[in-house]
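Novice: One file is attached below, final.txt, containing compact mmCIF, C-alpha atoms.
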```txt
# COMPACT_ATOMS: atom_id res chain seq x y z
CA MET Y 839 69.56 155.75 -146.78
CA LYS Y 840 72.63 157.23 -145.13
CA ILE Y 841 75.35 159.41 -146.62
CA LEU Y 842 78.73 159.94 -145.00
CA ARG Y 843 79.13 163.62 -144.12
CA HIS Y 844 82.24 163.46 -141.92
CA ASN Y 845 84.90 160.80 -142.39
CA ARG Y 846 87.10 159.42 -139.62
CA ILE Y 847 89.77 162.08 -140.09
CA ILE Y 848 87.29 164.95 -139.79
CA ARG Y 849 85.72 163.43 -136.69
CA PHE Y 850 89.16 162.88 -135.15
CA VAL Y 851 90.16 166.48 -135.84
CA HIS Y 852 86.86 167.86 -134.54
CA TRP Y 853 86.81 166.02 -131.22
CA THR Y 854 90.55 166.33 -130.57
CA THR Y 855 90.34 170.06 -131.21
CA ALA Y 856 87.24 170.40 -129.02
CA LEU Y 857 88.85 168.50 -126.14
CA SER Y 858 92.13 170.40 -126.32
CA ILE Y 859 90.35 173.77 -126.47
CA PHE Y 860 88.18 172.87 -123.48
CA ILE Y 861 91.28 171.89 -121.47
CA LEU Y 862 93.12 175.04 -122.58
CA ILE Y 863 90.27 177.33 -121.54
CA PHE Y 864 89.78 175.55 -118.21
CA THR Y 865 93.48 175.53 -117.28
CA GLY Y 866 94.02 179.03 -118.67
CA ILE Y 867 91.32 180.47 -116.42
CA GLY Y 868 92.79 178.47 -113.54
CA GLN Y 869 96.08 180.36 -113.83
CA MET Y 870 94.48 183.73 -113.12
CA PRO Y 871 93.72 182.28 -110.41
CA VAL Y 872 90.01 182.06 -109.70
CA TYR Y 873 89.34 178.46 -108.77
CA LYS Y 874 90.61 178.78 -105.19
CA ARG Y 875 88.78 182.07 -104.73
CA TYR Y 876 85.46 180.57 -105.82
CA ASN Y 877 86.07 177.14 -104.26
CA VAL Y 878 86.15 175.31 -107.57
CA ASP Y 879 89.06 173.30 -106.21
CA GLN Y 880 86.72 172.00 -103.52
CA VAL Y 881 84.71 170.08 -106.12
CA PRO Y 882 85.62 166.37 -105.92
CA GLY Y 883 88.30 165.59 -108.51
CA LEU Y 884 89.24 169.23 -109.11
CA GLY Y 885 91.57 169.76 -106.16
CA TRP Y 886 94.44 170.20 -108.63
CA SER Y 887 92.73 173.07 -110.46
CA SER Y 888 94.16 175.77 -108.17
CA ASP Y 889 97.75 174.46 -108.38
CA PHE Y 890 99.54 176.73 -110.84
CA LEU Y 891 102.29 174.26 -111.77
CA ILE Y 892 99.79 171.53 -112.55
CA THR Y 893 97.47 173.74 -114.58
CA VAL Y 894 100.29 175.35 -116.56
CA ASN Y 895 101.81 171.97 -117.46
CA ILE Y 896 98.43 170.60 -118.54
CA HIS Y 897 97.92 173.83 -120.50
CA TYR Y 898 101.19 173.28 -122.36
CA ILE Y 899 100.31 169.66 -123.18
CA ALA Y 900 96.87 170.64 -124.50
CA ALA Y 901 98.47 173.46 -126.51
CA ALA Y 902 100.90 171.00 -128.10
CA VAL Y 903 97.96 168.76 -129.04
CA LEU Y 904 96.11 171.73 -130.56
CA VAL Y 905 99.16 172.74 -132.61
CA PHE Y 906 99.58 169.16 -133.84
CA VAL Y 907 95.94 168.66 -134.83
CA SER Y 908 95.85 172.09 -136.51
CA MET Y 909 98.89 171.25 -138.64
CA TYR Y 910 97.45 167.81 -139.33
CA TYR Y 911 94.15 169.28 -140.53
CA LEU Y 912 95.87 171.92 -142.64
CA THR Y 913 97.94 169.21 -144.31
CA TYR Y 914 94.77 167.18 -144.86
CA LEU Y 915 92.95 170.11 -146.49
CA ILE Y 916 95.86 170.87 -148.80
CA GLY Y 917 96.50 167.22 -149.64
CA THR Y 918 92.88 166.34 -150.40
CA ARG Y 919 91.88 169.78 -151.73
CA ARG Y 920 88.63 169.53 -149.80
CA LEU Y 921 88.22 173.26 -149.42
CA ASP Y 922 84.43 173.44 -149.23
CA ILE Y 923 84.65 174.47 -145.57
CA LEU Y 924 86.55 177.67 -146.44
CA PRO Y 925 84.55 180.94 -146.66
CA ARG Y 926 83.77 182.37 -150.06
CA LYS Y 927 82.43 185.56 -151.58
CA GLY Y 928 78.79 186.18 -150.73
CA ASP Y 929 78.74 184.11 -147.53
CA VAL Y 930 77.67 187.04 -145.35
CA LYS Y 931 74.71 187.84 -147.61
CA GLU Y 932 73.80 184.17 -147.86
CA SER Y 933 73.98 183.75 -144.08
CA ILE Y 934 71.55 186.64 -143.62
CA GLN Y 935 69.23 184.96 -146.10
CA ILE Y 936 69.43 181.69 -144.17
CA PHE Y 937 68.61 183.43 -140.88
CA ALA Y 938 65.72 185.25 -142.58
CA SER Y 939 64.38 181.94 -143.87
CA MET Y 940 64.20 180.61 -140.30
CA VAL Y 941 61.58 183.23 -139.43
CA GLY Y 942 59.75 182.99 -142.72
CA LEU Y 943 61.06 186.19 -144.28
CA ALA Y 944 62.96 184.55 -147.13
CA LYS Y 945 63.57 181.27 -148.89
CA GLU Y 946 66.69 179.39 -147.85
CA PRO Y 947 69.24 179.26 -150.68
CA GLU Y 948 70.41 175.95 -152.09
CA ASN Y 949 73.42 174.82 -150.08
CA GLY Y 950 76.51 172.76 -150.66
CA LYS Y 951 77.94 170.47 -148.01
CA TYR Y 952 78.32 173.40 -145.61
CA LEU Y 953 76.03 176.36 -145.04
CA ALA Y 954 77.45 179.84 -145.51
CA GLU Y 955 77.17 180.47 -141.77
CA GLN Y 956 79.19 177.31 -141.09
CA ARG Y 957 81.97 178.48 -143.41
CA LEU Y 958 82.06 181.86 -141.67
CA ALA Y 959 82.09 180.18 -138.26
CA PHE Y 960 85.01 178.04 -139.38
CA ALA Y 961 86.90 181.17 -140.46
CA VAL Y 962 86.37 182.79 -137.04
CA THR Y 963 87.44 179.62 -135.21
CA ALA Y 964 90.48 179.04 -137.41
CA THR Y 965 91.60 182.67 -137.06
CA SER Y 966 91.16 182.53 -133.29
CA VAL Y 967 93.14 179.29 -133.00
CA LEU Y 968 95.91 180.71 -135.20
CA MET Y 969 96.20 183.87 -133.10
CA LEU Y 970 96.15 181.84 -129.89
CA ILE Y 971 98.96 179.64 -131.18
CA ILE Y 972 101.10 182.62 -132.28
CA THR Y 973 100.63 184.56 -129.05
CA GLY Y 974 100.97 181.38 -127.02
CA VAL Y 975 104.34 180.67 -128.60
CA ILE Y 976 105.47 184.20 -127.68
CA LYS Y 977 104.27 183.71 -124.11
CA VAL Y 978 106.25 180.46 -123.84
CA TYR Y 979 109.32 181.85 -125.61
CA LYS Y 980 109.64 184.76 -123.16
CA ASN Y 981 110.00 182.28 -120.30
CA LEU Y 982 112.97 180.46 -121.81
CA PRO Y 983 116.35 180.97 -120.09
CA GLY Y 984 118.43 183.78 -121.55
CA VAL Y 985 115.59 185.20 -123.64
CA ASP Y 986 115.01 188.95 -123.47
CA VAL Y 987 111.64 190.05 -124.83
CA SER Y 988 110.39 193.65 -124.76
CA ALA Y 989 107.74 194.50 -122.19
CA SER Y 990 105.42 195.84 -124.88
CA LEU Y 991 105.55 192.56 -126.82
CA VAL Y 992 104.81 190.60 -123.65
CA PHE Y 993 101.92 192.93 -122.81
CA TRP Y 994 100.29 192.91 -126.23
CA SER Y 995 100.75 189.19 -126.81
CA ALA Y 996 98.95 188.57 -123.51
CA GLN Y 997 96.13 190.98 -124.41
CA ILE Y 998 95.67 189.49 -127.87
CA HIS Y 999 95.78 185.99 -126.38
CA ASN Y 1000 93.02 186.92 -123.94
CA LEU Y 1001 90.98 188.65 -126.64
CA PHE Y 1002 90.96 185.65 -128.96
CA THR Y 1003 90.27 183.33 -126.05
CA PHE Y 1004 87.08 185.32 -125.51
CA VAL Y 1005 86.28 185.32 -129.26
CA LEU Y 1006 86.80 181.55 -129.43
CA LEU Y 1007 84.68 180.95 -126.34
CA LEU Y 1008 81.90 183.13 -127.76
CA SER Y 1009 82.04 181.32 -131.12
CA ILE Y 1010 81.77 177.96 -129.34
CA ILE Y 1011 78.69 179.13 -127.43
CA ILE Y 1012 77.06 180.36 -130.65
CA HIS Y 1013 78.04 177.10 -132.37
CA LEU Y 1014 76.28 175.06 -129.67
CA LEU Y 1015 73.23 177.33 -129.58
CA ALA Y 1016 72.83 176.92 -133.35
CA PHE Y 1017 71.88 173.29 -132.79
CA LEU Y 1018 68.79 174.41 -130.88
CA VAL Y 1019 67.37 175.39 -134.27
CA ARG Y 1020 65.27 172.50 -135.55
CA ASP Y 1021 66.75 172.51 -139.06
CA ASN Y 1022 70.26 172.12 -137.62
CA ARG Y 1023 69.53 169.27 -135.21
CA PRO Y 1024 70.00 166.42 -137.75
CA LEU Y 1025 73.63 167.56 -138.10
CA VAL Y 1026 74.47 166.65 -134.49
CA PRO Y 1027 74.58 162.82 -134.86
CA SER Y 1028 76.82 163.14 -137.91
CA MET Y 1029 79.65 164.41 -135.71
CA PHE Y 1030 79.52 161.11 -133.82
CA THR Y 1031 78.63 158.57 -136.53
CA GLY Y 1032 79.70 160.56 -139.57
CA GLN Y 1033 76.43 159.69 -141.28
CA ILE Y 1034 73.40 161.76 -142.21
CA ASP Y 1035 70.04 160.88 -143.75
CA LYS Y 1036 69.85 161.29 -147.50
CA ALA Y 1037 66.40 162.85 -147.08
CA TYR Y 1038 67.95 165.70 -145.10
CA VAL Y 1039 70.62 166.20 -147.76
CA GLU Y 1040 67.95 166.29 -150.46
CA LYS Y 1041 66.06 168.91 -148.49
CA ARG Y 1042 68.85 171.23 -147.41
CA HIS Y 1043 72.06 170.38 -149.28
CA LYS Y 1044 70.96 169.94 -152.87
CA LEU Y 1045 74.19 171.33 -154.32
CA TRP Y 1046 76.23 168.81 -152.33
CA LEU Y 1047 73.92 165.99 -153.43
CA ALA Y 1048 74.38 167.02 -157.06
CA GLN Y 1049 78.15 167.11 -156.53
CA LEU Y 1050 78.16 163.57 -155.13
CA GLN Y 1051 76.13 162.38 -158.10
CA ASP Y 1052 78.38 164.17 -160.60
CA GLU Y 1053 81.45 162.56 -159.02
CA GLY Y 1054 79.82 159.14 -159.19
CA ILE Y 1055 80.01 158.75 -155.41
CA LEU Y 1056 76.24 158.69 -155.12
CA PRO Y 1057 74.28 156.96 -157.89
CA LEU Y 1058 71.30 158.75 -159.38
CA GLN Y 1059 68.13 157.71 -157.59
CA HIS Y 1060 65.64 156.12 -159.94
CA LYS Y 1061 61.94 156.39 -159.30
CA GLY Y 1062 60.72 153.51 -157.19
CA ASP Y 1063 64.23 152.60 -156.04
CA GLU Y 1064 63.96 152.05 -152.30
CA THR Y 1065 67.23 150.20 -151.82
CA GLU Y 1066 68.67 150.99 -148.40
CA GLU Y 1067 72.41 151.29 -148.68
CA LEU Y 1068 75.20 153.17 -146.97
CA VAL Y 1069 76.95 155.57 -149.30
CA ILE Y 1070 80.52 156.15 -148.11
CA PRO Y 1071 82.23 158.96 -150.09
CA ASN Y 1072 85.95 158.67 -149.40
CA GLU Y 1073 85.78 157.33 -145.83
CA LEU Y 1074 89.54 157.64 -145.40
```
Rewrite the structure of this file - the entire thing - as structure tokens.
Specialist:
Amino acid sequence: MKILRHNRIIRFVHWTTALSIFILIFTGIGQMPVYKRYNVDQVPGLGWSSDFLITVNIHYIAAAVLVFVSMYYLTYLIGTRRLDILPRKGDVKESIQIFASMVGLAKEPENGKYLAEQRLAFAVTATSVLMLIITGVIKVYKNLPGVDVSASLVFWSAQIHNLFTFVLLLSIIIHLLAFLVRDNRPLVPSMFTGQIDKAYVEKRHKLWLAQLQDEGILPLQHKGDETEELVIPNEL
């Protein structure tokens, strides 16, 4: 039996954000420049990577996409009031407990749709994206004709932009490494199909399962009921 974990909107936001961030990091590094120095532009198909005008224009387009999808997702969260991804009190302590359970030092707490560590990771990513957007706007604004921006603002906006680029890149690496943990692997297909096995939900997301049942989205499972059906909680 399958349960929908991520609807079409969430999957659209996730992959659009991931693609735009990848392009932003790649083109941002290319403006330093390092690709000509290390012959990256000699790789077939990447000859453009050392051309500043090309990389900066692609960077701006990807930034516009990131701003759009961020506003779109924020509107979605507010409109649907699906705030279970936001961090809450006790998440740090709960995350430590989850990590301890992986090495047999504690029992994993009962979880909702998202683990505490996932909510904290979202907070880090969202904060990084917000700071990158703010500092990115300043960096673009200073280049407009007739605009006079103080040297200190230009300097610090660039430093903060670079800092949160590093933080975001580090969080992405940690995010990907987390899926090497066996208990997290069943979550990977759900980002492509949206669906996850009910057995996994029963094992690790009991609070979310109870919520689905309370809301009438998922019927109570009766003993001996082996009906295979696809439960779609609010696909759109």
Novice: Please, what is the axis-aligned box for every listed atom of segment 1005-1020 of chain Y with 3 Å on each side, as centre and edge lengths in Å to one decimal, as lines of an AutoDock Vina configuration file?
Specialist:
```
center_x = 76.0
center_y = 178.9
center_z = -130.9
size_x = 27.5
size_y = 18.8
size_z = 15.2
```
Novice: Which of these, Y:Gln869, Y:Asn1000, Y:Lys927, Y:Val1019, has the shortest distance to Ile892 of chain Y once you count only C-alpha atoms?
Specialist: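 Between Y:Gln869, Y:Asn1000, Y:Lys927, Y:Val1019, the residue approaching Ile892 of chain Y most closely is Y:Gln869.
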Novice: So the first atom is atom CA of Ile1011 of chain Y and the second is atom CA of Phe860 of chain Y; what is the distance between them in Å, to one decimal place?
Specialist: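 Result for atom CA of Ile1011 of chain Y versus atom CA of Phe860 of chain Y: 12.0 Å, one decimal.
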Novice: Would you list the contacts of His897 of chain Y as a list in words, taking every protein, DNA or RNA residue within 10 Å and counting all atoms listed in the file, but skipping same-chain residues closer than 5 positions in sequence?
Specialist: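 Here the answer would be Ser858, Ile859, Ile861, Leu862, Ile863, Phe864, Thr865, Gly866, Gly868, Gln869, Leu891, Ile892, Ala902 and Val903 of chain Y.
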Novice: Show me as a list of chain:residue names the residues that reach within 12 Å of (86.3, 186.0, -131.9), counting only C-alpha atoms and using the file's own coordinates.
Specialist: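 Residues close enough to count: Y:Leu958, Y:Ala959, Y:Phe960, Y:Ala961, Y:Val962, Y:Thr963, Y:Ala964, Y:Thr965, Y:Ser966, Y:Val967, Y:Leu968, Y:Met969, Y:Leu970, Y:Ile998, Y:His999, Y:Asn1000, Y:Leu1001, Y:Phe1002, Y:Thr1003, Y:Phe1004, Y:Val1005, Y:Leu1006, Y:Leu1007, Y:Leu1008, Y:Ser1009, Y:Ile1010, Y:Ile1011, Y:Ile1012.
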Novice: Output the selection as a short mmCIF file (atom, residue, chain, number, x, y, z; two decimals), keeping the file's coordinate frame - C-alpha atoms for each residue.
Specialist:
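result.cif, freshly written:
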```cif
data_model
loop_
_atom_site.label_atom_id
_atom_site.label_comp_id
_atom_site.auth_asym_id
_atom_site.auth_seq_id
_atom_site.Cartn_x
_atom_site.Cartn_y
_atom_site.Cartn_z
CA LEU Y 958 82.06 181.86 -141.67
CA ALA Y 959 82.09 180.18 -138.26
CA PHE Y 960 85.01 178.04 -139.38
CA ALA Y 961 86.90 181.17 -140.46
CA VAL Y 962 86.37 182.79 -137.04
CA THR Y 963 87.44 179.62 -135.21
CA ALA Y 964 90.48 179.04 -137.41
CA THR Y 965 91.60 182.67 -137.06
CA SER Y 966 91.16 182.53 -133.29
CA VAL Y 967 93.14 179.29 -133.00
CA LEU Y 968 95.91 180.71 -135.20
CA MET Y 969 96.20 183.87 -133.10
CA LEU Y 970 96.15 181.84 -129.89
CA ILE Y 998 95.67 189.49 -127.87
CA HIS Y 999 95.78 185.99 -126.38
CA ASN Y 1000 93.02 186.92 -123.94
CA LEU Y 1001 90.98 188.65 -126.64
CA PHE Y 1002 90.96 185.65 -128.96
CA THR Y 1003 90.27 183.33 -126.05
CA PHE Y 1004 87.08 185.32 -125.51
CA VAL Y 1005 86.28 185.32 -129.26
CA LEU Y 1006 86.80 181.55 -129.43
CA LEU Y 1007 84.68 180.95 -126.34
CA LEU Y 1008 81.90 183.13 -127.76
CA SER Y 1009 82.04 181.32 -131.12
CA ILE Y 1010 81.77 177.96 -129.34
CA ILE Y 1011 78.69 179.13 -127.43
CA ILE Y 1012 77.06 180.36 -130.65
#
```
Novice: How far is it from atom CA of Tyr952 of chain Y to atom CA of His1043 of chain Y, in Å with one decimal?
Specialist: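 We find that atom CA of Tyr952 of chain Y and atom CA of His1043 of chain Y lie 7.9 Å from each other.
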Novice: At what distance in Å, to one decimal, does atom CA of Leu953 of chain Y lie from atom CA of Tyr914 of chain Y?
Specialist: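 Spanning atom CA of Tyr914 of chain Y to atom CA of Leu953 of chain Y is a straight-line distance of 20.9 Å.
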Novice: Counting only C-alpha atoms, select every polymer residue within 10 Å of (93.4, 179.8, -111.5) as defined in the file's coordinates, and provide the selection as a list in words.
Specialist: Phe864, Thr865, Gly866, Ile867, Gly868, Gln869, Met870, Pro871, Val872, Tyr873, Lys874, Arg875, Tyr876, Val878, Asp879, Ser887, Ser888, Asp889, Phe890, Thr893 and Val894 of chain Y
Novice: Which is closest to Glu1040 of chain Y among Y:Gln956, Y:Asn949, Y:Gln997, Y:Ser933, if we use all atoms listed in the file?
Specialist: Y:Asn949
Novice: Using all atoms listed in the file, can you tell me which of Y:Phe937, Y:Tyr1038, Y:Phe993, Y:Phe1017 comes closest to Met839 of chain Y?
Specialist: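 Of Y:Phe937, Y:Tyr1038, Y:Phe993, Y:Phe1017, the one nearest Met839 of chain Y, counting all atoms listed in the file, is Y:Tyr1038.
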Novice: Check the smallest atom-to-atom distance from each of Y:Lys840, Y:Gly1054, Y:Val907, Y:Trp994 to Ile972 of chain Y using all atoms listed in the file, then report the winner.
Specialist: Y:Trp994
Novice: Given the choices Y:Arg957, Y:Lys951, Y:Ser988, Y:Tyr898, which gets closest to Leu1025 of chain Y if the distance is worked out from only C-alpha atoms?
Specialist: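 Closest to Leu1025 of chain Y of all the choices is Y:Lys951.
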